[in-house]
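start_29.cif (mmCIF, C-alpha atoms)
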```
data_run
#
loop_
_atom_site.label_atom_id
_atom_site.label_comp_id
_atom_site.auth_asym_id
_atom_site.auth_seq_id
_atom_site.Cartn_x
_atom_site.Cartn_y
_atom_site.Cartn_z
CA MET N 1 0.00 0.00 0.00
CA HIS N 2 1.19 3.54 -0.80
CA PRO N 3 0.14 6.72 1.09
CA VAL N 4 -1.53 9.34 -1.11
CA MET N 5 -3.09 12.19 0.87
CA LEU N 6 -4.61 13.26 4.18
CA LEU N 7 -8.38 13.72 4.40
CA PRO N 8 -10.18 15.80 7.07
CA ASP N 9 -10.15 14.13 10.47
CA HIS N 10 -13.90 13.79 11.04
CA ALA N 11 -15.11 13.60 7.43
CA ASP N 12 -17.54 10.84 6.48
CA THR N 13 -15.64 8.93 3.77
CA SER N 14 -18.20 6.15 3.22
CA GLU N 15 -19.42 7.59 -0.12
CA LEU N 16 -15.84 8.08 -1.31
CA ARG N 17 -14.85 4.53 -0.37
CA GLN N 18 -17.86 3.10 -2.19
CA ALA N 19 -16.98 5.09 -5.30
CA LEU N 20 -13.36 3.95 -5.19
CA TRP N 21 -14.42 0.30 -5.02
CA ARG N 22 -16.91 0.83 -7.84
CA HIS N 23 -14.00 2.02 -9.95
CA ARG N 24 -11.91 -0.97 -8.78
CA ILE N 25 -9.36 1.16 -6.95
CA GLY N 26 -7.85 -0.84 -4.09
CA HIS N 27 -7.35 1.44 -1.13
CA ARG N 28 -7.30 1.84 2.64
CA ILE N 29 -8.01 4.73 5.01
CA THR N 30 -6.26 4.89 8.38
CA ASN N 31 -6.70 7.30 11.28
CA GLU N 32 -3.57 9.36 11.89
CA ALA N 33 -2.77 12.24 14.24
CA ASP N 34 -3.24 14.83 11.45
CA GLY N 35 -6.34 13.29 9.85
CA GLN N 36 -7.43 10.30 7.81
CA LEU N 37 -4.64 8.96 5.60
CA LEU N 38 -5.71 7.57 2.23
CA TRP N 39 -3.59 4.71 0.84
CA ILE N 40 -3.68 3.12 -2.61
CA ALA N 41 -2.78 -0.44 -3.59
CA ASP N 42 -1.74 0.33 -7.20
CA PRO N 43 0.09 3.69 -7.67
CA ARG N 44 -0.83 3.64 -11.37
CA GLN N 45 -4.43 4.38 -10.37
CA GLN N 46 -3.47 7.52 -8.41
CA SER N 47 -4.76 9.94 -11.05
CA GLU N 48 -8.17 8.23 -11.02
CA LEU N 49 -8.22 8.29 -7.22
CA THR N 50 -7.25 11.97 -7.10
CA ALA N 51 -10.01 12.90 -9.53
CA LEU N 52 -12.62 11.14 -7.42
CA VAL N 53 -11.34 12.71 -4.20
CA GLU N 54 -11.58 16.20 -5.73
CA GLN N 55 -15.17 15.56 -6.82
CA TRP N 56 -15.96 14.22 -3.33
CA LYS N 57 -14.49 17.32 -1.67
CA GLN N 58 -16.59 19.59 -3.89
CA GLY N 59 -19.77 17.58 -3.29
CA GLU N 60 -20.06 16.56 -6.95
CA PRO N 61 -21.36 13.16 -8.17
CA LEU N 62 -18.53 10.66 -7.90
CA THR N 63 -18.02 9.67 -11.53
CA LEU N 64 -15.02 9.56 -13.83
CA GLN N 65 -14.98 10.66 -17.45
CA GLN N 66 -14.17 7.80 -19.77
CA THR N 67 -11.27 9.81 -21.18
CA THR N 68 -9.53 9.97 -17.80
CA LYS N 69 -9.23 6.21 -17.60
CA PRO N 70 -6.29 4.80 -19.56
CA PRO N 71 -7.01 1.80 -21.78
CA ARG N 72 -6.22 -1.51 -20.14
CA SER N 73 -3.56 -3.48 -21.95
CA MET N 74 -2.60 -7.10 -21.44
CA ALA N 75 0.40 -5.91 -19.41
CA ASN N 76 -1.87 -3.86 -17.14
CA SER N 77 -4.20 -6.84 -16.67
CA LEU N 78 -1.29 -9.09 -15.71
CA ALA N 79 -0.01 -6.42 -13.34
CA SER N 80 -3.44 -6.31 -11.67
CA LEU N 81 -3.31 -10.08 -11.18
CA ARG N 82 0.14 -9.80 -9.63
CA GLN N 83 -1.23 -7.32 -7.09
CA VAL N 84 -3.48 -10.08 -5.69
CA PRO N 85 -1.52 -13.32 -6.28
CA VAL N 86 -3.49 -15.57 -3.91
CA THR N 87 -6.87 -14.51 -5.29
CA SER N 88 -5.58 -14.89 -8.85
CA LEU N 89 -4.13 -18.32 -8.10
CA MET N 90 -7.44 -19.50 -6.61
CA ILE N 91 -9.20 -18.55 -9.83
CA ILE N 92 -6.52 -20.01 -12.12
CA ILE N 93 -6.41 -23.35 -10.29
CA SER N 94 -10.20 -23.64 -10.33
CA VAL N 95 -10.35 -22.95 -14.07
CA VAL N 96 -7.50 -25.36 -14.84
CA VAL N 97 -9.11 -28.13 -12.75
CA PHE N 98 -12.45 -27.55 -14.48
CA ALA N 99 -10.78 -27.82 -17.90
CA LEU N 100 -8.77 -30.92 -16.95
CA ILE N 101 -11.91 -32.73 -15.78
CA GLU N 102 -13.04 -32.60 -19.42
CA VAL N 103 -9.84 -34.45 -20.34
CA LEU N 104 -9.24 -36.77 -17.39
CA GLY N 105 -12.84 -37.19 -16.26
CA ASN N 106 -13.56 -39.14 -13.09
CA GLN N 107 -9.88 -39.88 -12.53
CA LEU N 108 -9.23 -36.27 -11.51
CA ILE N 109 -12.48 -35.93 -9.56
CA VAL N 110 -11.63 -38.99 -7.44
CA ALA N 111 -8.19 -37.53 -6.76
CA LEU N 112 -9.67 -34.30 -5.40
CA THR N 113 -12.77 -35.40 -3.46
CA ILE N 114 -12.43 -35.26 0.31
CA VAL N 115 -12.11 -39.07 0.39
CA PRO N 116 -11.56 -41.48 -2.55
CA VAL N 117 -14.69 -42.66 -4.32
CA GLY N 118 -14.97 -46.01 -6.08
CA ILE N 119 -17.40 -48.71 -7.14
CA SER N 120 -17.64 -51.97 -5.22
CA GLY N 121 -20.29 -54.59 -5.98
CA GLY N 122 -22.04 -52.25 -8.34
CA GLU N 123 -22.41 -49.56 -5.66
CA LEU N 124 -20.45 -46.46 -4.73
CA SER N 125 -17.87 -46.96 -1.99
CA PHE N 126 -16.04 -44.28 -0.06
CA GLY N 127 -12.70 -44.15 1.70
CA ASN N 128 -12.15 -43.09 5.29
CA LEU N 129 -10.93 -39.55 5.97
CA SER N 130 -8.75 -40.54 8.95
CA GLN N 131 -7.03 -43.24 6.90
CA MET N 132 -6.46 -40.85 4.02
CA LEU N 133 -4.89 -38.27 6.31
CA SER N 134 -2.68 -40.82 8.03
CA SER N 135 -1.47 -41.95 4.59
CA GLY N 136 -0.39 -38.39 3.78
CA GLN N 137 -3.28 -37.31 1.52
CA VAL N 138 -3.78 -34.09 3.45
CA TRP N 139 -4.61 -32.11 0.30
CA ARG N 140 -8.06 -33.71 0.35
CA LEU N 141 -9.07 -31.41 3.20
CA LEU N 142 -8.88 -28.42 0.82
CA SER N 143 -9.01 -29.79 -2.73
CA PRO N 144 -12.84 -30.11 -3.01
CA ALA N 145 -12.97 -26.30 -3.00
CA PHE N 146 -11.38 -26.33 -6.47
CA LEU N 147 -13.89 -28.83 -7.88
CA HIS N 148 -16.77 -27.38 -9.90
CA PHE N 149 -19.34 -29.54 -11.69
CA GLY N 150 -20.82 -26.99 -14.06
CA LEU N 151 -19.84 -23.83 -15.91
CA MET N 152 -22.35 -21.59 -14.12
CA HIS N 153 -21.23 -22.99 -10.78
CA LEU N 154 -17.64 -22.08 -11.66
CA ILE N 155 -18.42 -18.59 -12.97
CA PHE N 156 -20.70 -17.68 -10.04
CA ASN N 157 -18.15 -18.72 -7.41
CA LEU N 158 -15.09 -17.18 -9.07
CA MET N 159 -16.89 -13.89 -9.67
CA TRP N 160 -17.35 -13.50 -5.91
CA VAL N 161 -13.86 -14.80 -5.13
CA TRP N 162 -12.52 -11.95 -7.27
CA TYR N 163 -14.87 -9.34 -5.78
CA PHE N 164 -14.15 -10.12 -2.13
CA GLY N 165 -10.68 -11.63 -2.43
CA ARG N 166 -9.00 -8.65 -4.02
CA GLN N 167 -10.36 -6.37 -1.29
CA ILE N 168 -8.93 -8.59 1.43
CA GLU N 169 -5.61 -9.12 -0.30
CA ALA N 170 -5.16 -5.44 -1.20
CA LEU N 171 -6.07 -4.20 2.29
CA GLN N 172 -4.76 -7.00 4.53
CA GLY N 173 -2.12 -8.71 2.44
CA SER N 174 -1.60 -12.02 0.67
CA ARG N 175 -0.76 -13.88 3.87
CA THR N 176 -4.17 -13.10 5.38
CA MET N 177 -5.90 -14.06 2.15
CA LEU N 178 -4.03 -17.39 2.01
CA LEU N 179 -4.90 -18.08 5.65
CA LEU N 180 -8.57 -17.38 4.94
CA LEU N 181 -8.54 -19.71 1.94
CA ILE N 182 -7.03 -22.57 3.94
CA VAL N 183 -9.10 -22.15 7.11
CA ALA N 184 -12.39 -21.45 5.31
CA GLY N 185 -11.84 -24.14 2.68
CA ILE N 186 -11.01 -26.82 5.21
CA GLY N 187 -13.72 -25.68 7.63
CA ALA N 188 -16.41 -25.69 4.93
CA ASN N 189 -15.32 -29.08 3.55
CA ILE N 190 -15.26 -30.74 6.96
CA ALA N 191 -18.67 -29.25 7.82
CA GLN N 192 -20.10 -30.78 4.65
CA TYR N 193 -18.33 -34.12 5.18
CA MET N 194 -19.69 -34.39 8.74
CA THR N 195 -23.21 -34.56 7.32
CA GLY N 196 -22.29 -37.77 5.51
CA THR N 197 -21.82 -36.17 2.08
CA VAL N 198 -18.74 -37.13 0.06
CA LEU N 199 -19.41 -36.07 -3.52
CA PHE N 200 -19.34 -32.28 -3.22
CA GLY N 201 -17.16 -29.46 -4.42
CA GLY N 202 -16.90 -25.78 -5.15
CA MET N 203 -15.57 -22.52 -3.75
CA SER N 204 -18.94 -21.52 -2.26
CA GLY N 205 -17.89 -22.15 1.34
CA VAL N 206 -14.85 -19.93 0.87
CA VAL N 207 -16.98 -17.27 -0.81
CA TYR N 208 -19.31 -17.09 2.20
CA ALA N 209 -16.29 -16.81 4.49
CA LEU N 210 -14.94 -13.90 2.42
CA LEU N 211 -18.38 -12.26 2.43
CA ALA N 212 -18.69 -12.45 6.21
CA HIS N 213 -15.10 -11.28 6.71
CA VAL N 214 -15.47 -8.22 4.45
CA TRP N 215 -18.90 -7.36 5.86
CA LEU N 216 -17.72 -7.40 9.48
CA MET N 217 -14.61 -5.38 8.65
CA SER N 218 -16.71 -2.77 6.83
CA ARG N 219 -19.26 -2.56 9.65
CA ARG N 220 -16.92 -2.55 12.66
CA VAL N 221 -14.05 -0.54 11.10
CA PRO N 222 -15.66 1.78 8.49
CA GLN N 223 -12.32 3.51 7.83
CA SER N 224 -10.64 0.23 6.86
CA GLY N 225 -11.51 0.60 3.17
CA PHE N 226 -13.67 -2.52 3.00
CA PHE N 227 -17.04 -2.22 1.30
CA VAL N 228 -19.89 -4.56 0.45
CA PRO N 229 -23.38 -3.36 -0.60
CA GLN N 230 -26.00 -4.28 1.97
CA MET N 231 -28.29 -5.59 -0.75
CA LEU N 232 -25.55 -8.02 -1.81
CA VAL N 233 -25.32 -9.31 1.77
CA VAL N 234 -29.09 -9.74 1.87
CA PHE N 235 -29.09 -11.51 -1.50
CA MET N 236 -26.33 -13.97 -0.62
CA LEU N 237 -27.76 -14.81 2.80
CA GLY N 238 -31.18 -15.15 1.22
CA TRP N 239 -29.74 -17.51 -1.39
CA MET N 240 -28.17 -19.63 1.34
CA VAL N 241 -31.50 -19.91 3.15
CA PHE N 242 -33.27 -20.65 -0.15
CA THR N 243 -30.95 -23.57 -0.93
CA MET N 244 -31.40 -24.94 2.58
CA THR N 245 -35.12 -25.33 2.00
CA GLY N 246 -34.49 -27.77 -0.84
CA LEU N 247 -36.35 -25.57 -3.32
CA ALA N 248 -33.15 -25.01 -5.29
CA GLY N 249 -33.12 -28.63 -6.42
CA SER N 250 -36.74 -28.44 -7.53
CA VAL N 251 -35.99 -25.57 -9.92
CA GLY N 252 -32.96 -27.18 -11.50
CA PHE N 253 -29.99 -26.11 -9.38
CA GLY N 254 -29.20 -29.66 -8.22
CA ASN N 255 -27.77 -30.56 -4.85
CA VAL N 256 -26.22 -27.66 -2.96
CA ALA N 257 -23.55 -28.01 -0.27
CA ASN N 258 -25.53 -26.12 2.36
CA GLU N 259 -23.36 -27.12 5.32
CA ALA N 260 -20.26 -25.92 3.46
CA HIS N 261 -21.93 -22.52 2.98
CA LEU N 262 -22.80 -22.31 6.65
CA GLY N 263 -19.37 -23.55 7.76
CA GLY N 264 -17.64 -20.96 5.59
CA LEU N 265 -19.91 -18.20 6.84
CA LEU N 266 -19.06 -19.03 10.46
CA VAL N 267 -15.34 -19.05 9.69
CA GLY N 268 -15.63 -15.62 8.06
CA LEU N 269 -17.54 -14.19 11.01
CA VAL N 270 -14.81 -15.40 13.38
CA THR N 271 -11.94 -14.04 11.26
CA GLY N 272 -13.77 -10.78 10.57
CA TRP N 273 -14.40 -10.26 14.27
CA TYR N 274 -10.80 -11.12 15.13
CA TYR N 275 -9.16 -8.80 12.59
CA SER N 276 -11.60 -5.95 13.18
CA SER N 277 -11.03 -6.22 16.93
CA ARG N 278 -7.27 -6.03 16.37
CA ARG N 279 -7.73 -2.95 14.18
CA LEU N 280 -9.96 -1.26 16.75
CA LYS N 281 -7.52 -2.07 19.54
CA ASN N 282 -4.59 -0.55 17.63
CA SER N 283 -6.45 2.57 16.46
#
```

The structure given in the file should be rewritten as structure tokens.
Amino acid sequence: MHPVMLLPDHADTSELRQALWRHRIGHRITNEADGQLLWIADPRQQSELTALVEQWKQGEPLTLQQTTKPPRSMANSLASLRQVPVTSLMIIISVVVFALIEVLGNQLIVALTIVPVGISGGELSFGNLSQMLSSGQVWRLLSPAFLHFGLMHLIFNLMWVWYFGRQIEALQGSRTMLLLLIVAGIGANIAQYMTGTVLFGGMSGVVYALLAHVWLMSRRVPQSGFFVPQMLVVFMLGWMVFTMTGLAGSVGFGNVANEAHLGGLLVGLVTGWYYSSRRLKNS
């Protein structure tokens, strides 16, 4: 993160922060002795940020003229990915796994499910998680998160991974983002496995953890730079409740890993409370 400018000490920056995130400008605002210090994740976006800040100070609508935004080249896109390596890697691995399933089929799926799946006597048979872990197959605790069984499932999950993940990684660093991926992924997978389900996959549990984490940070530490629209929170929680009723399957969405969603949400609430409490304690 790079410091840019000081804002008035008691100014309400919520509208400014929302506008910055709408324009995909990673940032952070910290309370300092002389005022609120505005930081930026990518210095190449400083001119865009400055233009929005000036409009905010003058009370104008927070929009940018198309001409002020430089065209994005392939190099700029790659640079943006390098700014959030963990989030980018999560997306890349998920896409690669999805593509390889088309080539390798069930062989890859069986390698990534939480326990091995096979056929014995004409029926599905499942391995034992404790035995798999004792044999060194510890990746199975996390690997189901990278399994997606349909294109819309993949797109929906990765869209939210990008939306929430880049906020967390830009504002709290790649180490925190990696920790969230591991803890939320394992927590969601184990929660689903404990219900007796074996054939499941997807990044949904992690997505709900990221949602809860970002929401708590934005609510408890408004100056942290985190932002999530309240209607998005309502929609995603409503979707989780909707799938729990079983109605999702009746309208063509298939089986949904409800316990993974709930497990991820709980993990995100815990991490969001922990990190926001640390920020409040140090402010």

Closest atom pairs, segment 195-263 of chain N residues within 10 Å of segment 99-122 of chain N, only C-alpha atoms, as JSON lines:
```
{"residue": "N:Thr197", "atom": "CA", "partner": "N:Ile114", "partner_atom": "CA", "distance": 9.6}
{"residue": "N:Val198", "atom": "CA", "partner": "N:Ile114", "partner_atom": "CA", "distance": 6.6}
{"residue": "N:Leu199", "atom": "CA", "partner": "N:Thr113", "partner_atom": "CA", "distance": 6.7}
{"residue": "N:Phe200", "atom": "CA", "partner": "N:Thr113", "partner_atom": "CA", "distance": 7.3}
{"residue": "N:Gly201", "atom": "CA", "partner": "N:Thr113", "partner_atom": "CA", "distance": 7.4}
```

### Selected residue of minimal separation from Phe164 of chain N among N:Ser88, N:Gln223, N:Gln137, N:Asn282, counting only C-alpha atoms
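Nearest candidate to Phe164 of chain N out of N:Ser88, N:Gln223, N:Gln137, N:Asn282: N:Ser88.
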
#### Entry: Atom pair atom CA of Val86 of chain N / atom CA of Ser174 of chain N: separation (Å)
6.1 Å

### Task
Given the file shown, determine the residues that the PyMOL selection byres ((chain N and resi 206) around 6) selects; report them as a list in words.
Ala184, Gly185, Met203, Ser204, Gly205, Val207, Tyr208, Ala209 and Gly264 of chain N

### Message
I need the residue nearest Val234 of chain N from this list: N:Ala212, N:Gly263, N:Asn189, N:Ile93. Use only C-alpha atoms for the distance.
### Response
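Selected residue with least distance to Val234 of chain N: N:Ala212.
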
### Task
Find the distance between atom CA of Leu171 of chain N and atom CA of Leu38 of chain N and write it in Å to one decimal.
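Between atom CA of Leu171 of chain N and atom CA of Leu38 of chain N the gap is 11.8 Å.
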
### Evaluate the PyMOL selection byres ((chain N and resi 271-273) around 8) and report residues as an MDAnalysis selection string
chainID N and resid 180 212:217 267:270 274:277

### Task
In Å, rounded to a single decimal, give me how far atom CA of Gly187 of chain N is from atom CA of Ser224 of chain N.
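These two atoms are separated by 26.1 Å.
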
### Task
Go through N:Arg166, N:His10, N:Arg22, N:Arg82 and flag the residue nearest Pro229 of chain N, using only C-alpha atoms for the distances.
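Looking only at the distances to Pro229 of chain N, the closest residue turns out to be N:Arg22.
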
#### Entry: Close residues, Leu62 of chain N itself excluded, 8 Å, all atoms listed in the file, min 5 positions apart in chain, as an MDAnalysis selection string
chainID N and resid 16 19 52 55:56

Next, dump the selected residues to file, keeping only C-alpha atoms, as a PDB file, in the coordinates of the input.
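The resulting again37.pdb:
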```pdb
ATOM      1  CA  LEU N  16     -15.840   8.080  -1.310  1.00  0.00           C
ATOM      2  CA  ALA N  19     -16.980   5.090  -5.300  1.00  0.00           C
ATOM      3  CA  LEU N  52     -12.620  11.140  -7.420  1.00  0.00           C
ATOM      4  CA  GLN N  55     -15.170  15.560  -6.820  1.00  0.00           C
ATOM      5  CA  TRP N  56     -15.960  14.220  -3.330  1.00  0.00           C
TER       6      TRP N  56
END
```

### Query
At a cut-off of 12 Å from (-21.1, -12.2, -6.9) in the coordinates of the file, what residues are picked up using all atoms listed in the file, written as a PyMOL selection string?
chain N and resi 152-165+204+207-208+210-211+228-229+231-233+235-236+239

#### Entry: Residues in the PyMOL selection byres ((chain N and resi 178) around 10), expressed as number ranges by chain
N: 85-87, 90, 165, 169, 173-177, 179-184

### Message
Give me the residues near His27 of chain N as a PyMOL selection string, where near means some atom within 8 Å (using only C-alpha atoms) and where sequence neighbours in that chain fewer than 2 positions away do not count.
### Response
chain N and resi 1+20+25+29+38-41+170-171+225

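The closest residue to Arg28 of chain N, picked from N:Ser218, N:Thr243, N:Thr195, N:Ser130 and counting all atoms listed in the file, is N:Ser218.
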
Kindly compute an axis-aligned box around the listed atoms of segment 27-34 of chain N, allowing 5 Å on each side, and express its centre and edge lengths in Å to one decimal as AutoDock Vina command-line options.
```
--center_x -5.4 --center_y 8.1 --center_z 6.6 --size_x 15.2 --size_y 23.4 --size_z 25.4
```

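With distances restricted to all atoms listed in the file, N:Lys57 is the closest residue to Pro8 of chain N from N:Lys57, N:His261, N:Arg219, N:Arg44.
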
### Task
Find the residue from N:Val138, N:Gln172, N:Phe98, N:Leu133 that sits nearest to Arg279 of chain N; use all atoms listed in the file when measuring.
N:Gln172
